[in-house]
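Raw protein.cif, mmCIF, C-alpha atoms:
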```cif
data_coords
#
loop_
_atom_site.label_atom_id
_atom_site.label_comp_id
_atom_site.auth_asym_id
_atom_site.auth_seq_id
_atom_site.Cartn_x
_atom_site.Cartn_y
_atom_site.Cartn_z
CA MET V 1440 13.37 -47.13 -21.02
CA LYS V 1441 14.47 -50.07 -23.16
CA SER V 1442 14.87 -49.27 -26.87
CA PHE V 1443 15.99 -51.50 -29.73
CA SER V 1444 15.96 -51.56 -33.51
CA ILE V 1445 14.44 -54.25 -35.67
CA LYS V 1446 14.11 -54.96 -39.35
CA ILE V 1447 11.19 -56.81 -40.82
CA GLU V 1448 10.66 -58.36 -44.21
CA PRO V 1449 6.89 -57.98 -44.45
CA THR V 1450 4.95 -60.44 -46.56
CA ASN V 1451 1.83 -58.29 -46.99
CA TYR V 1452 3.15 -54.68 -46.85
CA ILE V 1453 1.99 -54.35 -43.25
CA PHE V 1454 3.72 -54.17 -39.87
CA GLU V 1455 1.82 -56.49 -37.51
CA VAL V 1456 1.95 -56.97 -33.73
CA PHE V 1457 -0.06 -59.51 -31.76
CA GLY V 1458 -0.71 -59.50 -28.04
CA ASP V 1459 -3.20 -61.94 -26.57
CA GLU V 1460 -4.47 -63.92 -29.54
CA SER V 1461 -7.41 -65.20 -27.46
CA ALA V 1462 -8.66 -61.58 -27.50
CA GLU V 1463 -10.20 -60.25 -30.72
CA THR V 1464 -7.55 -60.12 -33.47
CA GLU V 1465 -9.70 -59.23 -36.50
CA LEU V 1466 -8.35 -55.85 -37.54
CA HIS V 1467 -10.62 -52.85 -38.12
CA TRP V 1468 -8.84 -50.40 -40.42
CA SER V 1469 -8.79 -46.62 -40.39
CA GLU V 1470 -7.70 -44.56 -43.37
CA ASN V 1471 -4.66 -42.40 -44.14
CA PRO V 1472 -2.52 -43.61 -42.63
CA PRO V 1473 -4.08 -47.09 -42.69
CA VAL V 1474 -3.92 -48.52 -39.16
CA GLY V 1475 -5.64 -51.78 -38.16
CA ARG V 1476 -6.80 -52.20 -34.57
CA ALA V 1477 -8.20 -55.05 -32.50
CA LYS V 1478 -8.16 -55.93 -28.79
CA GLY V 1479 -5.33 -58.40 -29.31
CA ALA V 1480 -3.52 -57.00 -32.36
CA PHE V 1481 -2.64 -53.98 -34.42
CA ALA V 1482 -1.08 -53.30 -37.81
CA VAL V 1483 -0.01 -50.39 -39.99
CA ALA V 1484 0.35 -50.30 -43.77
CA LEU V 1485 3.87 -49.84 -45.12
CA PRO V 1486 5.41 -48.43 -48.30
CA ASP V 1487 5.61 -50.66 -51.35
CA LEU V 1488 8.71 -52.81 -50.94
CA GLU V 1489 10.55 -55.05 -53.36
CA ILE V 1490 10.76 -58.77 -52.55
CA GLY V 1491 13.51 -59.23 -49.97
CA GLU V 1492 13.58 -55.53 -49.02
CA THR V 1493 13.43 -54.78 -45.29
CA PHE V 1494 11.63 -52.11 -43.27
CA SER V 1495 13.23 -50.56 -40.15
CA ALA V 1496 11.52 -49.81 -36.87
CA THR V 1497 12.52 -48.78 -33.36
CA VAL V 1498 10.69 -50.41 -30.46
CA CYS V 1499 10.66 -48.84 -26.97
CA PHE V 1500 9.33 -50.19 -23.68
CA THR V 1501 8.75 -47.45 -21.09
CA ASP V 1502 6.89 -47.19 -17.77
CA ALA V 1503 4.99 -44.03 -18.78
CA PRO V 1504 3.45 -42.96 -22.10
CA ALA V 1505 5.61 -40.50 -24.00
CA GLU V 1506 4.63 -38.02 -26.67
CA GLU V 1507 6.69 -38.56 -29.78
CA GLN V 1508 7.13 -36.21 -32.72
CA ASN V 1509 5.10 -37.27 -35.76
CA THR V 1510 2.74 -39.42 -33.64
CA PHE V 1511 -0.07 -40.65 -35.83
CA SER V 1512 -1.82 -43.35 -33.80
CA LYS V 1513 -2.35 -44.71 -30.29
CA HIS V 1514 -3.90 -48.04 -29.43
CA VAL V 1515 -4.38 -50.26 -26.36
CA ILE V 1516 -3.67 -53.96 -26.82
CA GLU V 1517 -4.22 -56.95 -24.54
CA THR V 1518 -0.90 -58.74 -24.01
CA PHE V 1519 -0.31 -62.43 -23.39
CA ASP V 1520 1.63 -62.98 -20.15
CA GLY V 1521 3.47 -59.70 -20.68
CA LYS V 1522 4.60 -60.53 -24.22
CA ILE V 1523 4.05 -59.11 -27.68
CA GLU V 1524 4.71 -60.88 -30.96
CA ILE V 1525 6.06 -58.97 -33.97
CA LEU V 1526 5.71 -60.64 -37.35
CA ASP V 1527 8.36 -60.99 -40.05
CA VAL V 1528 11.39 -59.91 -37.93
CA VAL V 1529 14.62 -60.73 -39.75
CA GLU V 1530 17.03 -58.66 -37.61
CA SER V 1531 16.81 -57.41 -34.03
CA GLU V 1532 19.18 -55.75 -31.55
CA LEU V 1533 17.24 -57.49 -28.74
CA THR V 1534 17.00 -61.24 -28.84
CA GLY V 1535 13.41 -62.41 -28.75
CA SER V 1536 12.06 -65.93 -28.69
CA GLU V 1537 10.22 -67.85 -31.38
CA GLY V 1538 6.50 -67.25 -31.26
CA PHE V 1539 3.58 -68.83 -33.07
CA VAL V 1540 3.81 -66.53 -36.11
CA GLY V 1541 6.68 -64.15 -35.29
CA THR V 1542 9.20 -63.09 -32.66
CA LEU V 1543 8.14 -62.75 -29.02
CA TYR V 1544 9.44 -59.91 -26.86
CA SER V 1545 8.85 -59.71 -23.10
CA LEU V 1546 7.49 -56.46 -21.71
CA PRO V 1547 8.60 -55.29 -18.25
CA TRP V 1548 4.92 -55.49 -17.12
CA THR V 1549 1.86 -57.68 -17.67
CA GLY V 1550 -1.64 -56.74 -18.74
CA ARG V 1551 -2.77 -54.19 -21.28
CA SER V 1552 -0.28 -52.00 -23.12
CA GLU V 1553 -0.68 -48.66 -24.85
CA ILE V 1554 1.12 -48.40 -28.18
CA THR V 1555 2.11 -45.03 -29.61
CA LEU V 1556 3.08 -45.03 -33.29
CA SER V 1557 5.19 -42.29 -34.80
CA ALA V 1558 6.86 -41.80 -38.17
CA PRO V 1559 10.28 -40.16 -37.53
CA GLN V 1560 11.04 -39.85 -41.25
CA GLY V 1561 7.53 -38.75 -42.22
CA PHE V 1562 5.21 -40.31 -44.77
CA SER V 1563 5.01 -41.18 -48.44
CA ARG V 1564 2.23 -42.57 -50.59
CA ASN V 1565 2.06 -46.23 -51.52
CA SER V 1566 0.81 -47.53 -54.87
CA GLU V 1567 -2.77 -47.27 -53.60
CA GLY V 1568 -2.34 -43.59 -52.75
CA GLU V 1569 -2.40 -44.11 -48.98
CA PHE V 1570 -0.10 -42.18 -46.62
CA VAL V 1571 2.29 -44.71 -45.10
CA PRO V 1572 5.23 -44.20 -42.71
CA LEU V 1573 8.78 -44.31 -44.10
CA SER V 1574 9.97 -45.69 -40.74
CA LEU V 1575 8.27 -46.55 -37.45
CA HIS V 1576 8.89 -45.74 -33.81
CA LEU V 1577 6.68 -47.88 -31.54
CA THR V 1578 6.47 -46.99 -27.87
CA PHE V 1579 4.85 -49.53 -25.55
CA SER V 1580 3.80 -48.51 -22.02
CA PRO V 1581 1.39 -49.94 -19.43
CA ALA V 1582 -2.18 -48.93 -20.25
CA SER V 1583 -4.10 -47.07 -17.58
CA GLU V 1584 -6.84 -49.16 -16.02
CA THR V 1585 -9.49 -46.45 -16.34
#
```
Could I get this file's structure written as structure tokens?
Amino acid sequence: MKSFSIKIEPTNYIFEVFGDESAETELHWSENPPVGRAKGAFAVALPDLEIGETFSATVCFTDAPAEEQNTFSKHVIETFDGKIEILDVVESELTGSEGFVGTLYSLPWTGRSEITLSAPQGFSRNSEGEFVPLSLHLTFSPASET
């Protein structure tokens, strides 16, 4: 399992990941916690942050899905040549490459990936009254082909 920490400086109070942008990327949102899903993207609403404030997340790549404590969402995303793109990264323990709108990270597989989202530090409410994670743990694993 490869695990690394990142910090983002989100422009729209959301944590966004893109896979294959030729797949559908228009997000369809669920409520509390607000999670946006599409075939080629996903996003999660974040706490209200001051300008210049960062949000921390841990990203894991693993060969098999793992159950995390405080899991609140799972989603399957189409990847582009085994890469994902995370927006607004300002600090990362793993060097990625420059993508179209963010930082590209290579997965140790190609094809679809399952993403498990957990909130290790729990949730708070943002200014709109939505439950949002105080931190994120994202686990990426190969999606089953069934």
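With all atoms listed in the file as the atoms that count, the minimum distance from Leu1577 of chain V to the choices V:Pro1559, V:Gly1538, V:Gly1491, V:Gly1550 is reached by V:Pro1559.
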Using all atoms listed in the file, determine which residues lie at most 10 Å from Phe1579 of chain V, disregarding the query and same-chain residues fewer than 2 positions distant; provide the list as an MDAnalysis selection string. chainID V and resid 1440:1441 1498:1505 1513:1516 1523 1546 1551:1556 1576:1577 1581:1582
Could you tell me, as a PyMOL selection string, exactly which residues end up selected when the PyMOL selection byres ((chain V and resi 1563-1569) around 6) is applied to this structure? chain V and resi 1471+1486-1487+1562+1570-1571
Determine the residue membership of the PyMOL selection byres ((chain V and resi 1537) around 12) for the file above and supply it as JSON, numbers by chain. {"V": [1522, 1523, 1524, 1525, 1526, 1527, 1528, 1529, 1534, 1535, 1536, 1538, 1539, 1540, 1541, 1542, 1543, 1544, 1545]}
Go ahead and write the residues just picked, C-alpha atoms, as a JSON list (two decimals), in the coordinates of the input.
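Output below, filename result_26.json:
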```json
[["chain", "number", "residue", "atom", "x", "y", "z"],
["V", 1522, "LYS", "CA", 4.60, -60.53, -24.22],
["V", 1523, "ILE", "CA", 4.05, -59.11, -27.68],
["V", 1524, "GLU", "CA", 4.71, -60.88, -30.96],
["V", 1525, "ILE", "CA", 6.06, -58.97, -33.97],
["V", 1526, "LEU", "CA", 5.71, -60.64, -37.35],
["V", 1527, "ASP", "CA", 8.36, -60.99, -40.05],
["V", 1528, "VAL", "CA", 11.39, -59.91, -37.93],
["V", 1529, "VAL", "CA", 14.62, -60.73, -39.75],
["V", 1534, "THR", "CA", 17.00, -61.24, -28.84],
["V", 1535, "GLY", "CA", 13.41, -62.41, -28.75],
["V", 1536, "SER", "CA", 12.06, -65.93, -28.69],
["V", 1538, "GLY", "CA", 6.50, -67.25, -31.26],
["V", 1539, "PHE", "CA", 3.58, -68.83, -33.07],
["V", 1540, "VAL", "CA", 3.81, -66.53, -36.11],
["V", 1541, "GLY", "CA", 6.68, -64.15, -35.29],
["V", 1542, "THR", "CA", 9.20, -63.09, -32.66],
["V", 1543, "LEU", "CA", 8.14, -62.75, -29.02],
["V", 1544, "TYR", "CA", 9.44, -59.91, -26.86],
["V", 1545, "SER", "CA", 8.85, -59.71, -23.10]]
```
Written as a list in words, what is the full residue list that the PyMOL selection byres ((chain V and resi 1557) around 9) yields on the file shown? Glu1507, Gln1508, Asn1509, Thr1510, Phe1511, Ser1512, Thr1555, Leu1556, Ala1558, Pro1559, Gly1561, Pro1572, Ser1574, Leu1575, His1576, Leu1577 and Thr1578 of chain V
Atomic separation - atom CA of Glu1517 of chain V relative to atom CA of Leu1466 of chain V, Å: 13.7 Å
Calculated over only C-alpha atoms, which of the candidates V:Thr1549, V:Ser1461, V:Thr1497, V:Thr1518 has the smallest distance to Ser1444 of chain V? V:Thr1497
Mind giving me the straight-line distance from atom CA of Ala1482 of chain V to atom CA of Glu1470 of chain V in Å, one decimal? 12.3 Å
Counting all atoms listed in the file, which residues have an atom no more than 7 Å from (-1.8, -49.8, -43.6) in the file's coordinates? Please list them as a list of chain:residue names.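 So the residues meeting the distance criterion are V:Ile1453, V:Pro1472, V:Pro1473, V:Val1474, V:Gly1475, V:Ala1482, V:Val1483, V:Ala1484, V:Leu1485, V:Val1571.
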If you keep C-alpha atoms, can you produce a file of those selected residues as a compact mmCIF listing (two decimals), keeping the file's coordinate frame?
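Produced file again07.txt, reproduced below:
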```
# COMPACT_ATOMS: atom_id res chain seq x y z
CA ILE V 1453 1.99 -54.35 -43.25
CA PRO V 1472 -2.52 -43.61 -42.63
CA PRO V 1473 -4.08 -47.09 -42.69
CA VAL V 1474 -3.92 -48.52 -39.16
CA GLY V 1475 -5.64 -51.78 -38.16
CA ALA V 1482 -1.08 -53.30 -37.81
CA VAL V 1483 -0.01 -50.39 -39.99
CA ALA V 1484 0.35 -50.30 -43.77
CA LEU V 1485 3.87 -49.84 -45.12
CA VAL V 1571 2.29 -44.71 -45.10
```
To one decimal in Å, tell me the separation between atom CA of Glu1489 of chain V and atom CA of Pro1449 of chain V.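 So the answer is 10.1 Å.
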Given the choices V:Asp1520, V:Phe1494, V:Leu1488, V:Phe1443, which gets closest to Glu1460 of chain V if the distance is worked out from all atoms listed in the file?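 The closest residue to Glu1460 of chain V is V:Asp1520.
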